[in-house]
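Structure file run_18.pdb (PDB, C-alpha atoms and all ligand atoms) is printed below.
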```pdb
MODEL        1
ATOM      1  CA  MET A   1      53.270-124.047-327.122  1.00  0.00           C
ATOM      2  CA  PRO A   2      55.250-127.221-326.317  1.00  0.00           C
ATOM      3  CA  HIS A   3      53.125-130.334-326.228  1.00  0.00           C
ATOM      4  CA  PHE A   4      53.719-131.291-322.603  1.00  0.00           C
ATOM      5  CA  ARG A   5      52.695-127.865-321.374  1.00  0.00           C
ATOM      6  CA  GLY A   6      49.382-128.094-323.187  1.00  0.00           C
ATOM      7  CA  GLN A   7      48.752-131.458-321.611  1.00  0.00           C
ATOM      8  CA  ARG A   8      49.615-130.371-318.121  1.00  0.00           C
ATOM      9  CA  ARG A   9      47.396-127.378-318.535  1.00  0.00           C
ATOM     10  CA  ARG A  10      44.543-129.561-319.719  1.00  0.00           C
ATOM     11  CA  VAL A  11      44.945-131.945-316.805  1.00  0.00           C
ATOM     12  CA  TRP A  12      44.901-128.996-314.455  1.00  0.00           C
ATOM     13  CA  ILE A  13      41.812-127.547-316.081  1.00  0.00           C
ATOM     14  CA  TRP A  14      39.932-130.828-315.964  1.00  0.00           C
ATOM     15  CA  GLY A  15      40.850-131.212-312.333  1.00  0.00           C
ATOM     16  CA  MET A  16      39.535-127.749-311.667  1.00  0.00           C
ATOM     17  CA  ILE A  17      36.345-128.510-313.577  1.00  0.00           C
ATOM     18  CA  ALA A  18      35.810-131.685-311.584  1.00  0.00           C
ATOM     19  CA  VAL A  19      36.212-129.808-308.325  1.00  0.00           C
ATOM     20  CA  LEU A  20      33.915-127.012-309.411  1.00  0.00           C
ATOM     21  CA  ALA A  21      31.387-129.470-310.789  1.00  0.00           C
ATOM     22  CA  GLY A  22      31.294-131.268-307.470  1.00  0.00           C
ATOM     23  CA  LEU A  23      31.014-128.026-305.559  1.00  0.00           C
ATOM     24  CA  THR A  24      28.312-126.564-307.732  1.00  0.00           C
ATOM     25  CA  GLY A  25      26.411-129.838-307.859  1.00  0.00           C
ATOM     26  CA  SER A  26      26.375-130.315-304.126  1.00  0.00           C
ATOM     27  CA  LEU A  27      25.506-126.681-303.547  1.00  0.00           C
ATOM     28  CA  LEU A  28      22.802-126.325-306.142  1.00  0.00           C
ATOM     29  CA  THR A  29      20.644-128.740-304.210  1.00  0.00           C
ATOM     30  CA  GLY A  30      20.664-126.205-301.411  1.00  0.00           C
ATOM     31  CA  VAL A  31      20.276-123.001-303.419  1.00  0.00           C
ATOM     32  CA  GLY A  32      17.080-121.119-302.841  1.00  0.00           C
ATOM     33  CA  GLN A  33      15.586-123.486-300.328  1.00  0.00           C
ATOM     34  CA  ASN A  34      18.380-123.706-297.804  1.00  0.00           C
ATOM     35  CA  PRO A  35      20.437-120.554-297.382  1.00  0.00           C
ATOM     36  CA  VAL A  36      21.847-121.828-294.090  1.00  0.00           C
ATOM     37  CA  ALA A  37      23.398-124.910-295.670  1.00  0.00           C
ATOM     38  CA  GLN A  38      24.756-122.704-298.428  1.00  0.00           C
ATOM     39  CA  ALA A  39      26.305-120.241-295.985  1.00  0.00           C
ATOM     40  CA  GLN A  40      27.815-123.119-294.012  1.00  0.00           C
ATOM     41  CA  GLN A  41      29.554-124.283-297.166  1.00  0.00           C
ATOM     42  CA  GLY A  42      31.016-120.790-297.315  1.00  0.00           C
ATOM     43  CA  LEU A  43      30.010-119.994-300.885  1.00  0.00           C
ATOM     44  CA  SER A  44      27.862-116.999-301.661  1.00  0.00           C
ATOM     45  CA  GLN A  45      25.556-116.717-304.666  1.00  0.00           C
ATOM     46  CA  THR A  46      28.210-114.489-306.259  1.00  0.00           C
ATOM     47  CA  GLN A  47      30.848-117.189-305.897  1.00  0.00           C
ATOM     48  CA  LEU A  48      28.519-119.848-307.242  1.00  0.00           C
ATOM     49  CA  GLU A  49      27.827-117.715-310.281  1.00  0.00           C
ATOM     50  CA  GLN A  50      31.499-117.125-310.955  1.00  0.00           C
ATOM     51  CA  ALA A  51      32.368-120.790-310.442  1.00  0.00           C
ATOM     52  CA  GLN A  52      29.740-121.793-312.996  1.00  0.00           C
ATOM     53  CA  TYR A  53      31.012-119.206-315.438  1.00  0.00           C
ATOM     54  CA  VAL A  54      34.590-120.457-315.130  1.00  0.00           C
ATOM     55  CA  ARG A  55      33.378-124.010-315.562  1.00  0.00           C
ATOM     56  CA  SER A  56      31.328-123.219-318.671  1.00  0.00           C
ATOM     57  CA  CYS A  57      33.555-120.676-320.364  1.00  0.00           C
ATOM     58  CA  GLY A  58      37.034-121.496-319.104  1.00  0.00           C
ATOM     59  CA  SER A  59      37.509-124.996-320.481  1.00  0.00           C
ATOM     60  CA  CYS A  60      38.890-124.164-323.955  1.00  0.00           C
ATOM     61  CA  HIS A  61      40.531-120.869-323.094  1.00  0.00           C
ATOM     62  CA  VAL A  62      41.049-118.641-320.107  1.00  0.00           C
ATOM     63  CA  ALA A  63      37.779-117.540-318.486  1.00  0.00           C
ATOM     64  CA  LEU A  64      37.739-113.898-319.524  1.00  0.00           C
ATOM     65  CA  PRO A  65      36.788-111.481-316.765  1.00  0.00           C
ATOM     66  CA  ALA A  66      33.340-109.981-317.325  1.00  0.00           C
ATOM     67  CA  GLN A  67      34.492-106.384-317.276  1.00  0.00           C
ATOM     68  CA  VAL A  68      36.458-106.620-320.545  1.00  0.00           C
ATOM     69  CA  LEU A  69      33.363-106.779-322.791  1.00  0.00           C
ATOM     70  CA  PRO A  70      29.934-105.129-322.686  1.00  0.00           C
ATOM     71  CA  THR A  71      26.902-106.942-321.285  1.00  0.00           C
ATOM     72  CA  GLU A  72      25.342-107.233-324.735  1.00  0.00           C
ATOM     73  CA  THR A  73      28.341-109.172-326.079  1.00  0.00           C
ATOM     74  CA  TRP A  74      28.111-111.690-323.253  1.00  0.00           C
ATOM     75  CA  ARG A  75      24.362-112.052-323.709  1.00  0.00           C
ATOM     76  CA  ARG A  76      24.844-112.984-327.363  1.00  0.00           C
ATOM     77  CA  LEU A  77      27.836-115.255-326.779  1.00  0.00           C
ATOM     78  CA  LEU A  78      25.914-117.277-324.207  1.00  0.00           C
ATOM     79  CA  GLN A  79      23.118-117.993-326.683  1.00  0.00           C
ATOM     80  CA  ASP A  80      25.093-118.627-329.844  1.00  0.00           C
ATOM     81  CA  PRO A  81      26.228-122.153-330.799  1.00  0.00           C
ATOM     82  CA  ASN A  82      28.506-120.655-333.495  1.00  0.00           C
ATOM     83  CA  HIS A  83      31.490-119.514-331.501  1.00  0.00           C
ATOM     84  CA  TYR A  84      34.350-117.964-333.463  1.00  0.00           C
ATOM     85  CA  GLY A  85      34.357-120.782-335.988  1.00  0.00           C
ATOM     86  CA  GLN A  86      33.837-123.440-333.330  1.00  0.00           C
ATOM     87  CA  GLN A  87      30.572-125.149-332.333  1.00  0.00           C
ATOM     88  CA  ILE A  88      29.701-124.882-328.654  1.00  0.00           C
ATOM     89  CA  GLN A  89      26.717-126.136-326.696  1.00  0.00           C
ATOM     90  CA  PRO A  90      24.786-123.075-325.489  1.00  0.00           C
ATOM     91  CA  LEU A  91      24.051-123.161-321.775  1.00  0.00           C
ATOM     92  CA  THR A  92      20.538-123.733-320.515  1.00  0.00           C
ATOM     93  CA  GLY A  93      18.707-123.864-317.192  1.00  0.00           C
ATOM     94  CA  VAL A  94      20.525-123.257-313.928  1.00  0.00           C
ATOM     95  CA  PRO A  95      24.058-123.151-315.431  1.00  0.00           C
ATOM     96  CA  LEU A  96      22.850-120.453-317.838  1.00  0.00           C
ATOM     97  CA  GLN A  97      21.251-118.449-315.023  1.00  0.00           C
ATOM     98  CA  LEU A  98      24.383-118.636-312.885  1.00  0.00           C
ATOM     99  CA  ALA A  99      26.879-117.794-315.637  1.00  0.00           C
ATOM    100  CA  TRP A 100      24.654-114.978-316.875  1.00  0.00           C
ATOM    101  CA  GLY A 101      24.302-113.710-313.297  1.00  0.00           C
ATOM    102  CA  TYR A 102      28.081-113.354-313.069  1.00  0.00           C
ATOM    103  CA  LEU A 103      28.513-111.747-316.502  1.00  0.00           C
ATOM    104  CA  ARG A 104      25.594-109.360-316.193  1.00  0.00           C
ATOM    105  CA  SER A 105      26.482-107.998-312.794  1.00  0.00           C
ATOM    106  CA  ASN A 106      30.179-107.514-313.605  1.00  0.00           C
ATOM    107  CA  SER A 107      29.942-105.910-317.049  1.00  0.00           C
ATOM    108  CA  ARG A 108      28.571-102.631-318.332  1.00  0.00           C
ATOM    109  CA  PRO A 109      26.075-101.820-321.082  1.00  0.00           C
ATOM    110  CA  LEU A 110      26.836-100.344-324.478  1.00  0.00           C
ATOM    111  CA  ARG A 111      25.745 -96.889-325.470  1.00  0.00           C
ATOM    112  CA  GLN A 112      22.753 -96.681-327.752  1.00  0.00           C
ATOM    113  CA  ARG A 113      23.574 -97.726-331.315  1.00  0.00           C
ATOM    114  CA  GLU A 114      27.158 -98.580-330.397  1.00  0.00           C
ATOM    115  CA  PRO A 115      28.151-101.693-332.400  1.00  0.00           C
ATOM    116  CA  VAL A 116      28.524-104.916-330.417  1.00  0.00           C
ATOM    117  CA  PRO A 117      32.231-105.853-330.209  1.00  0.00           C
ATOM    118  CA  TYR A 118      33.086-109.542-330.571  1.00  0.00           C
ATOM    119  CA  ARG A 119      36.833-109.134-330.193  1.00  0.00           C
ATOM    120  CA  LEU A 120      38.615-107.691-327.184  1.00  0.00           C
ATOM    121  CA  ALA A 121      40.613-105.530-329.560  1.00  0.00           C
ATOM    122  CA  ASP A 122      37.334-103.811-330.519  1.00  0.00           C
ATOM    123  CA  SER A 123      36.042-103.417-326.968  1.00  0.00           C
ATOM    124  CA  ARG A 124      36.410 -99.995-325.403  1.00  0.00           C
ATOM    125  CA  TYR A 125      36.083-101.609-321.980  1.00  0.00           C
ATOM    126  CA  PHE A 126      39.117-103.759-322.663  1.00  0.00           C
ATOM    127  CA  ARG A 127      40.973-100.731-323.982  1.00  0.00           C
ATOM    128  CA  ALA A 128      40.041 -98.676-320.928  1.00  0.00           C
ATOM    129  CA  LEU A 129      41.734-101.271-318.696  1.00  0.00           C
ATOM    130  CA  HIS A 130      44.883-101.083-320.840  1.00  0.00           C
ATOM    131  CA  LEU A 131      45.308 -97.381-321.533  1.00  0.00           C
ATOM    132  CA  GLN A 132      49.061 -97.441-320.920  1.00  0.00           C
ATOM    133  CA  VAL A 133      49.687-100.759-322.612  1.00  0.00           C
ATOM    134  CA  GLU A 134      51.160-101.186-326.063  1.00  0.00           C
ATOM    135  CA  PHE A 135      50.359-104.640-327.334  1.00  0.00           C
ATOM    136  CA  PRO A 136      53.235-106.283-329.214  1.00  0.00           C
ATOM    137  CA  SER A 137      50.774-108.498-331.138  1.00  0.00           C
ATOM    138  CA  PRO A 138      46.976-108.616-331.632  1.00  0.00           C
ATOM    139  CA  VAL A 139      45.207-109.524-328.399  1.00  0.00           C
ATOM    140  CA  ARG A 140      43.654-112.971-328.299  1.00  0.00           C
ATOM    141  CA  VAL A 141      42.321-115.180-325.525  1.00  0.00           C
ATOM    142  CA  SER A 142      45.626-117.039-325.665  1.00  0.00           C
ATOM    143  CA  SER A 143      47.761-113.937-325.071  1.00  0.00           C
ATOM    144  CA  CYS A 144      46.454-112.724-321.687  1.00  0.00           C
ATOM    145  CA  VAL A 145      48.871-115.044-319.941  1.00  0.00           C
ATOM    146  CA  ASP A 146      51.856-113.294-321.546  1.00  0.00           C
ATOM    147  CA  CYS A 147      51.381-110.354-319.184  1.00  0.00           C
ATOM    148  CA  HIS A 148      49.040-111.861-316.582  1.00  0.00           C
ATOM    149  CA  PRO A 149      50.885-115.001-315.424  1.00  0.00           C
ATOM    150  CA  ARG A 150      48.160-115.988-312.935  1.00  0.00           C
ATOM    151  CA  VAL A 151      45.139-116.036-315.259  1.00  0.00           C
ATOM    152  CA  ASP A 152      44.661-119.729-314.582  1.00  0.00           C
ATOM    153  CA  PHE A 153      43.721-118.715-311.064  1.00  0.00           C
ATOM    154  CA  GLY A 154      41.353-115.986-312.246  1.00  0.00           C
ATOM    155  CA  ASP A 155      43.878-113.353-311.176  1.00  0.00           C
ATOM    156  CA  PHE A 156      44.195-110.497-313.668  1.00  0.00           C
ATOM    157  CA  ALA A 157      45.659-108.030-311.192  1.00  0.00           C
ATOM    158  CA  SER A 158      49.068-109.765-311.000  1.00  0.00           C
ATOM    159  CA  LEU A 159      51.430-108.778-313.784  1.00  0.00           C
ATOM    160  CA  SER A 160      54.584-110.326-315.175  1.00  0.00           C
ATOM    161  CA  PRO A 161      57.810-108.615-314.006  1.00  0.00           C
ATOM    162  CA  ASP A 162      58.130-106.626-317.257  1.00  0.00           C
ATOM    163  CA  TRP A 163      54.944-104.770-316.417  1.00  0.00           C
ATOM    164  CA  GLN A 164      55.489-104.053-312.770  1.00  0.00           C
ATOM    165  CA  SER A 165      56.503-100.500-312.052  1.00  0.00           C
TER
HETATM  166  C1  LIG A 201      34.681-125.608-327.193  1.00  0.00           C
HETATM  167  C2  LIG A 201      35.695-124.629-326.848  1.00  0.00           C
HETATM  168  C3  LIG A 201      35.184-123.270-326.347  1.00  0.00           C
HETATM  169  C4  LIG A 201      34.312-123.023-325.329  1.00  0.00           C
HETATM  170  C5  LIG A 201      33.578-124.016-324.442  1.00  0.00           C
HETATM  171  C6  LIG A 201      34.216-121.578-325.236  1.00  0.00           C
HETATM  172  N1  LIG A 201      35.023-120.987-326.150  1.00  0.00           N
HETATM  173 FE1  LIG A 201      35.301-118.980-326.387  1.00  0.00          FE
HETATM  174  N2  LIG A 201      36.561-119.349-327.947  1.00  0.00           N
HETATM  175  C7  LIG A 201      36.888-120.583-328.450  1.00  0.00           C
HETATM  176  C8  LIG A 201      37.721-120.426-329.625  1.00  0.00           C
HETATM  177  C9  LIG A 201      38.291-121.542-330.475  1.00  0.00           C
HETATM  178  C10 LIG A 201      37.876-119.019-329.810  1.00  0.00           C
HETATM  179  C11 LIG A 201      38.664-118.305-330.918  1.00  0.00           C
HETATM  180  C12 LIG A 201      40.092-118.069-330.467  1.00  0.00           C
HETATM  181  C13 LIG A 201      40.808-117.099-331.397  1.00  0.00           C
HETATM  182  O1  LIG A 201      40.321-116.811-332.478  1.00  0.00           O
HETATM  183  O2  LIG A 201      41.866-116.605-330.987  1.00  0.00           O
HETATM  184  C14 LIG A 201      37.145-118.380-328.730  1.00  0.00           C
HETATM  185  C15 LIG A 201      37.090-117.015-328.563  1.00  0.00           C
HETATM  186  C16 LIG A 201      36.347-116.368-327.592  1.00  0.00           C
HETATM  187  C17 LIG A 201      36.258-114.918-327.459  1.00  0.00           C
HETATM  188  C18 LIG A 201      36.941-113.893-328.355  1.00  0.00           C
HETATM  189  C19 LIG A 201      38.139-113.225-327.698  1.00  0.00           C
HETATM  190  C20 LIG A 201      38.917-112.380-328.690  1.00  0.00           C
HETATM  191  O3  LIG A 201      38.899-111.161-328.563  1.00  0.00           O
HETATM  192  O4  LIG A 201      39.540-112.948-329.594  1.00  0.00           O
HETATM  193  C21 LIG A 201      35.393-114.672-326.417  1.00  0.00           C
HETATM  194  C22 LIG A 201      34.954-113.319-325.892  1.00  0.00           C
HETATM  195  C23 LIG A 201      34.963-115.963-325.906  1.00  0.00           C
HETATM  196  N3  LIG A 201      35.579-116.970-326.628  1.00  0.00           N
HETATM  197  C24 LIG A 201      34.086-116.145-324.860  1.00  0.00           C
HETATM  198  C25 LIG A 201      33.585-117.382-324.453  1.00  0.00           C
HETATM  199  C26 LIG A 201      32.482-117.545-323.528  1.00  0.00           C
HETATM  200  C27 LIG A 201      31.716-116.425-322.859  1.00  0.00           C
HETATM  201  C28 LIG A 201      32.284-118.893-323.385  1.00  0.00           C
HETATM  202  C29 LIG A 201      31.233-119.604-322.558  1.00  0.00           C
HETATM  203  C30 LIG A 201      29.882-119.455-323.045  1.00  0.00           C
HETATM  204  C31 LIG A 201      33.257-119.565-324.237  1.00  0.00           C
HETATM  205  N4  LIG A 201      34.019-118.610-324.868  1.00  0.00           N
HETATM  206  C32 LIG A 201      33.385-120.943-324.343  1.00  0.00           C
HETATM  207  C33 LIG A 201      36.519-121.800-327.913  1.00  0.00           C
HETATM  208  C34 LIG A 201      35.619-121.991-326.862  1.00  0.00           C
HETATM  209  C1  LIG A 202      51.012-106.781-323.275  1.00  0.00           C
HETATM  210  C2  LIG A 202      50.641-107.053-321.897  1.00  0.00           C
HETATM  211  C3  LIG A 202      49.164-107.387-321.607  1.00  0.00           C
HETATM  212  C4  LIG A 202      48.359-108.282-322.246  1.00  0.00           C
HETATM  213  C5  LIG A 202      48.680-109.167-323.442  1.00  0.00           C
HETATM  214  C6  LIG A 202      47.101-108.277-321.534  1.00  0.00           C
HETATM  215  N1  LIG A 202      47.149-107.376-320.500  1.00  0.00           N
HETATM  216 FE1  LIG A 202      45.650-106.978-319.163  1.00  0.00          FE
HETATM  217  N2  LIG A 202      46.822-105.608-318.253  1.00  0.00           N
HETATM  218  C7  LIG A 202      48.129-105.313-318.591  1.00  0.00           C
HETATM  219  C8  LIG A 202      48.625-104.263-317.715  1.00  0.00           C
HETATM  220  C9  LIG A 202      50.022-103.641-317.756  1.00  0.00           C
HETATM  221  C10 LIG A 202      47.572-103.941-316.827  1.00  0.00           C
HETATM  222  C11 LIG A 202      47.559-102.889-315.735  1.00  0.00           C
HETATM  223  C12 LIG A 202      47.166-101.593-316.409  1.00  0.00           C
HETATM  224  C13 LIG A 202      47.187-100.406-315.492  1.00  0.00           C
HETATM  225  O1  LIG A 202      47.189-100.604-314.280  1.00  0.00           O
HETATM  226  O2  LIG A 202      47.161 -99.287-316.046  1.00  0.00           O
HETATM  227  C14 LIG A 202      46.447-104.810-317.196  1.00  0.00           C
HETATM  228  C15 LIG A 202      45.224-104.816-316.541  1.00  0.00           C
HETATM  229  C16 LIG A 202      44.190-105.708-316.804  1.00  0.00           C
HETATM  230  C17 LIG A 202      42.975-105.800-316.049  1.00  0.00           C
HETATM  231  C18 LIG A 202      42.627-105.000-314.798  1.00  0.00           C
HETATM  232  C19 LIG A 202      43.168-105.807-313.616  1.00  0.00           C
HETATM  233  C20 LIG A 202      42.867-105.241-312.258  1.00  0.00           C
HETATM  234  O3  LIG A 202      42.108-105.879-311.518  1.00  0.00           O
HETATM  235  O4  LIG A 202      43.411-104.189-311.945  1.00  0.00           O
HETATM  236  C21 LIG A 202      42.217-106.794-316.600  1.00  0.00           C
HETATM  237  C22 LIG A 202      40.857-107.296-316.147  1.00  0.00           C
HETATM  238  C23 LIG A 202      42.972-107.310-317.727  1.00  0.00           C
HETATM  239  N3  LIG A 202      44.171-106.629-317.810  1.00  0.00           N
HETATM  240  C24 LIG A 202      42.533-108.314-318.551  1.00  0.00           C
HETATM  241  C25 LIG A 202      43.260-108.813-319.632  1.00  0.00           C
HETATM  242  C26 LIG A 202      42.784-109.890-320.498  1.00  0.00           C
HETATM  243  C27 LIG A 202      41.444-110.591-320.360  1.00  0.00           C
HETATM  244  C28 LIG A 202      43.776-110.101-321.417  1.00  0.00           C
HETATM  245  C29 LIG A 202      43.790-111.102-322.584  1.00  0.00           C
HETATM  246  C30 LIG A 202      42.685-111.009-323.482  1.00  0.00           C
HETATM  247  C31 LIG A 202      44.857-109.157-321.141  1.00  0.00           C
HETATM  248  N4  LIG A 202      44.500-108.404-320.049  1.00  0.00           N
HETATM  249  C32 LIG A 202      46.025-109.071-321.873  1.00  0.00           C
HETATM  250  C33 LIG A 202      48.866-105.897-319.600  1.00  0.00           C
HETATM  251  C34 LIG A 202      48.395-106.822-320.495  1.00  0.00           C
ENDMDL
END
```
Represent the supplied structure as structure tokens.
Amino acid sequence: MPHFRGQRRRVWIWGMIAVLAGLTGSLLTGVGQNPVAQAQQGLSQTQLEQAQYVRSCGSCHVALPAQVLPTETWRRLLQDPNHYGQQIQPLTGVPLQLAWGYLRSNSRPLRQREPVPYRLADSRYFRALHLQVEFPSPVRVSSCVDCHPRVDFGDFASLSPDWQS
């Protein structure tokens, strides 16, 4: 990836994080005790949860949509500081509750004794969403954007022209 693109992307992401941080911060004060204030701001609990998830898990790579991996995978990833060869700070407190709220309610459980997949390529939920798709190269967090040009906006339904039929 050319250098300038990476930088622009990073600037955009940090901007997004700042906005979300402000939003979440100002809203959290009202959560639970003041549903009216929360509703006036126009953000539901569901939106708060997703915003926190994007903020916590979308800074280094695209925020993967919850439905691509089973609930058990997300539960483990949220608690593990060893993250695919990188150290991350596991979430705690309210951010953990919110991010987990989003992931839990938008993913599905594994069958009994089914191994926990840590890569999308091993996830039958990811495969089920891509039944017709032949991947030219192994799927990684960095490759979603090849076919989903609007991932930065959390939009996985839009496809690049090659894939529109
Ligand atoms: C500090 C940077 C960083 C943060 C924060 C981060 N990740 Fe990652 N993540 C990585 C790196 C690096 C990889 C490995 C990329 C690769 O191997 O292609 C990765 C890979 C992944 C993968 C594997 C995808 C695949 O099939 O290859 C998943 C799932 C994932 N991250 C989820 C999360 C979740 C959930 C969070 C929030 C708790 C999170 N990440 C936060 C850096 C980060
Ligand atoms: C080689 C192209 C390609 C790549 C790479 C790819 N996808 Fe897809 N994806 C598709 C196509 C095509 C569809 C629509 C499939 C259909 O409708 O049968 C799709 C559908 C989806 C959907 C369902 C969208 C909806 O709301 O209908 C999700 C979620 C999704 N992809 C996530 C991902 C993620 C996350 C990644 C990266 C880890 C990824 N995809 C990488 C081609 C791709």
task = List every protein, DNA or RNA residue that has at least one atom no more than 12 Å from (46.6, -106.0, -327.9) in the file's coordinates, counting only C-alpha atoms, and write the result as a count of residues only.
result = 25
Residue members of the PyMOL selection byres (((chain A and resi 62) around 9) and not hetatm) in the file shown, as number ranges by chain = A: 54, 57-61, 63-65, 141-142, 144-145, 151-152, 154
Go ahead and save the picked residues with C-alpha atoms, as a compact mmCIF listing (two decimals), keeping the file's coordinate frame.
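Heads up, here's the output in result.txt:
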```txt
# COMPACT_ATOMS: atom_id res chain seq x y z
CA VAL A 54 34.59 -120.46 -315.13
CA CYS A 57 33.56 -120.68 -320.36
CA GLY A 58 37.03 -121.50 -319.10
CA SER A 59 37.51 -125.00 -320.48
CA CYS A 60 38.89 -124.16 -323.96
CA HIS A 61 40.53 -120.87 -323.09
CA ALA A 63 37.78 -117.54 -318.49
CA LEU A 64 37.74 -113.90 -319.52
CA PRO A 65 36.79 -111.48 -316.76
CA VAL A 141 42.32 -115.18 -325.52
CA SER A 142 45.63 -117.04 -325.67
CA CYS A 144 46.45 -112.72 -321.69
CA VAL A 145 48.87 -115.04 -319.94
CA VAL A 151 45.14 -116.04 -315.26
CA ASP A 152 44.66 -119.73 -314.58
CA GLY A 154 41.35 -115.99 -312.25
```
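Checking A:Arg124, A:Tyr84, A:Gln41, A:His148 one by one against Asp162 (chain A), counting only C-alpha atoms, you find the shortest gap at A:His148.
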task = Would you kindly return, as a ChimeraX atom specification, each protein, DNA or RNA residue with an atom no farther than 10 Å from any atom of Val94 (chain A), considering all atoms listed in the file and excluding same-chain residues fewer than 5 positions away?
result = /A:28,49,52,99-100
task = Give me, please, the distance in Å between CA of Gln79 (chain A) and atom N2 of ligand LIG 202 (chain A), quoted to one decimal.
result = 28.0 Å
ask   = Looking at all atoms listed in the file, which of A:Phe153, A:Tyr125, A:Trp163, A:Tyr118 is the one that sits closest to ligand LIG 201 (chain A)?
value = A:Tyr118
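Minimum atom-to-atom distances from A:Pro109, A:Gln87, A:Leu69, A:Leu96 to Arg55 (chain A) were compared using all atoms listed in the file, and the lowest value belongs to A:Leu96.
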Draw an axis-aligned box tight on the listed atoms of region 138-156 of chain A, then pad every side by 6 Å and write out centre and edge lengths in Å to one decimal as JSON.
```
{"center_x": 46.6, "center_y": -114.2, "center_z": -321.3, "size_x": 22.5, "size_y": 23.1, "size_z": 32.6}
```
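Taking CA of Asp80 (chain A) and atom C30 of ligand LIG 202 (chain A) as the two end points, the separation is 20.2 Å.
Residue nearest ligand LIG 202 (chain A), chosen from A:Val68, A:Tyr102, A:Ser56, A:Leu91 and counting only C-alpha atoms and all ligand atoms: A:Val68.
You can rank A:Pro90, A:Pro149, A:Pro161, A:Pro70 by their closest distance to Glu114 (chain A) using all atoms listed in the file, and at the top of that list sits A:Pro70.
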ask   = Between CA of Tyr53 (chain A) and CA of Arg75 (chain A), what is the spacing in Å?
value = 12.8 Å
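Each of A:Gln67, A:Leu43, A:Arg76, A:Gln86 was checked against ligand LIG 201 (chain A) using only C-alpha atoms and all ligand atoms; the smallest atom-to-atom distance is that of A:Gln86.
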Regenerate region 51-63 of chain A at the level of N, CA and C atoms and dump it as a PDB file, in the coordinates of the input.
```
ATOM      1  N   ALA A  51      31.866-119.421-310.262  1.00  0.00           N
ATOM      2  CA  ALA A  51      32.368-120.790-310.442  1.00  0.00           C
ATOM      3  C   ALA A  51      31.722-121.433-311.665  1.00  0.00           C
ATOM      4  N   GLN A  52      30.423-121.221-311.833  1.00  0.00           N
ATOM      5  CA  GLN A  52      29.740-121.793-312.996  1.00  0.00           C
ATOM      6  C   GLN A  52      30.256-121.169-314.281  1.00  0.00           C
ATOM      7  N   TYR A  53      30.488-119.883-314.240  1.00  0.00           N
ATOM      8  CA  TYR A  53      31.012-119.206-315.438  1.00  0.00           C
ATOM      9  C   TYR A  53      32.371-119.790-315.827  1.00  0.00           C
ATOM     10  N   VAL A  54      33.252-119.917-314.852  1.00  0.00           N
ATOM     11  CA  VAL A  54      34.590-120.457-315.130  1.00  0.00           C
ATOM     12  C   VAL A  54      34.483-121.880-315.685  1.00  0.00           C
ATOM     13  N   ARG A  55      33.558-122.641-315.122  1.00  0.00           N
ATOM     14  CA  ARG A  55      33.378-124.010-315.562  1.00  0.00           C
ATOM     15  C   ARG A  55      32.867-124.055-316.998  1.00  0.00           C
ATOM     16  N   SER A  56      31.939-123.184-317.340  1.00  0.00           N
ATOM     17  CA  SER A  56      31.328-123.219-318.671  1.00  0.00           C
ATOM     18  C   SER A  56      32.181-122.531-319.725  1.00  0.00           C
ATOM     19  N   CYS A  57      32.874-121.498-319.361  1.00  0.00           N
ATOM     20  CA  CYS A  57      33.555-120.676-320.364  1.00  0.00           C
ATOM     21  C   CYS A  57      35.061-120.647-320.173  1.00  0.00           C
ATOM     22  N   GLY A  58      35.588-121.490-319.310  1.00  0.00           N
ATOM     23  CA  GLY A  58      37.034-121.496-319.104  1.00  0.00           C
ATOM     24  C   GLY A  58      37.665-122.831-319.425  1.00  0.00           C
ATOM     25  N   SER A  59      36.948-123.671-320.204  1.00  0.00           N
ATOM     26  CA  SER A  59      37.509-124.996-320.481  1.00  0.00           C
ATOM     27  C   SER A  59      38.408-124.986-321.721  1.00  0.00           C
ATOM     28  N   CYS A  60      38.076-124.196-322.723  1.00  0.00           N
ATOM     29  CA  CYS A  60      38.890-124.164-323.955  1.00  0.00           C
ATOM     30  C   CYS A  60      39.934-123.064-323.909  1.00  0.00           C
ATOM     31  N   HIS A  61      39.602-121.990-323.222  1.00  0.00           N
ATOM     32  CA  HIS A  61      40.531-120.869-323.094  1.00  0.00           C
ATOM     33  C   HIS A  61      40.314-120.253-321.723  1.00  0.00           C
ATOM     34  N   VAL A  62      41.175-119.292-321.397  1.00  0.00           N
ATOM     35  CA  VAL A  62      41.049-118.641-320.107  1.00  0.00           C
ATOM     36  C   VAL A  62      39.636-118.058-319.950  1.00  0.00           C
ATOM     37  N   ALA A  63      39.085-118.154-318.755  1.00  0.00           N
ATOM     38  CA  ALA A  63      37.779-117.540-318.486  1.00  0.00           C
ATOM     39  C   ALA A  63      37.976-116.027-318.419  1.00  0.00           C
TER      40      ALA A  63
END
```
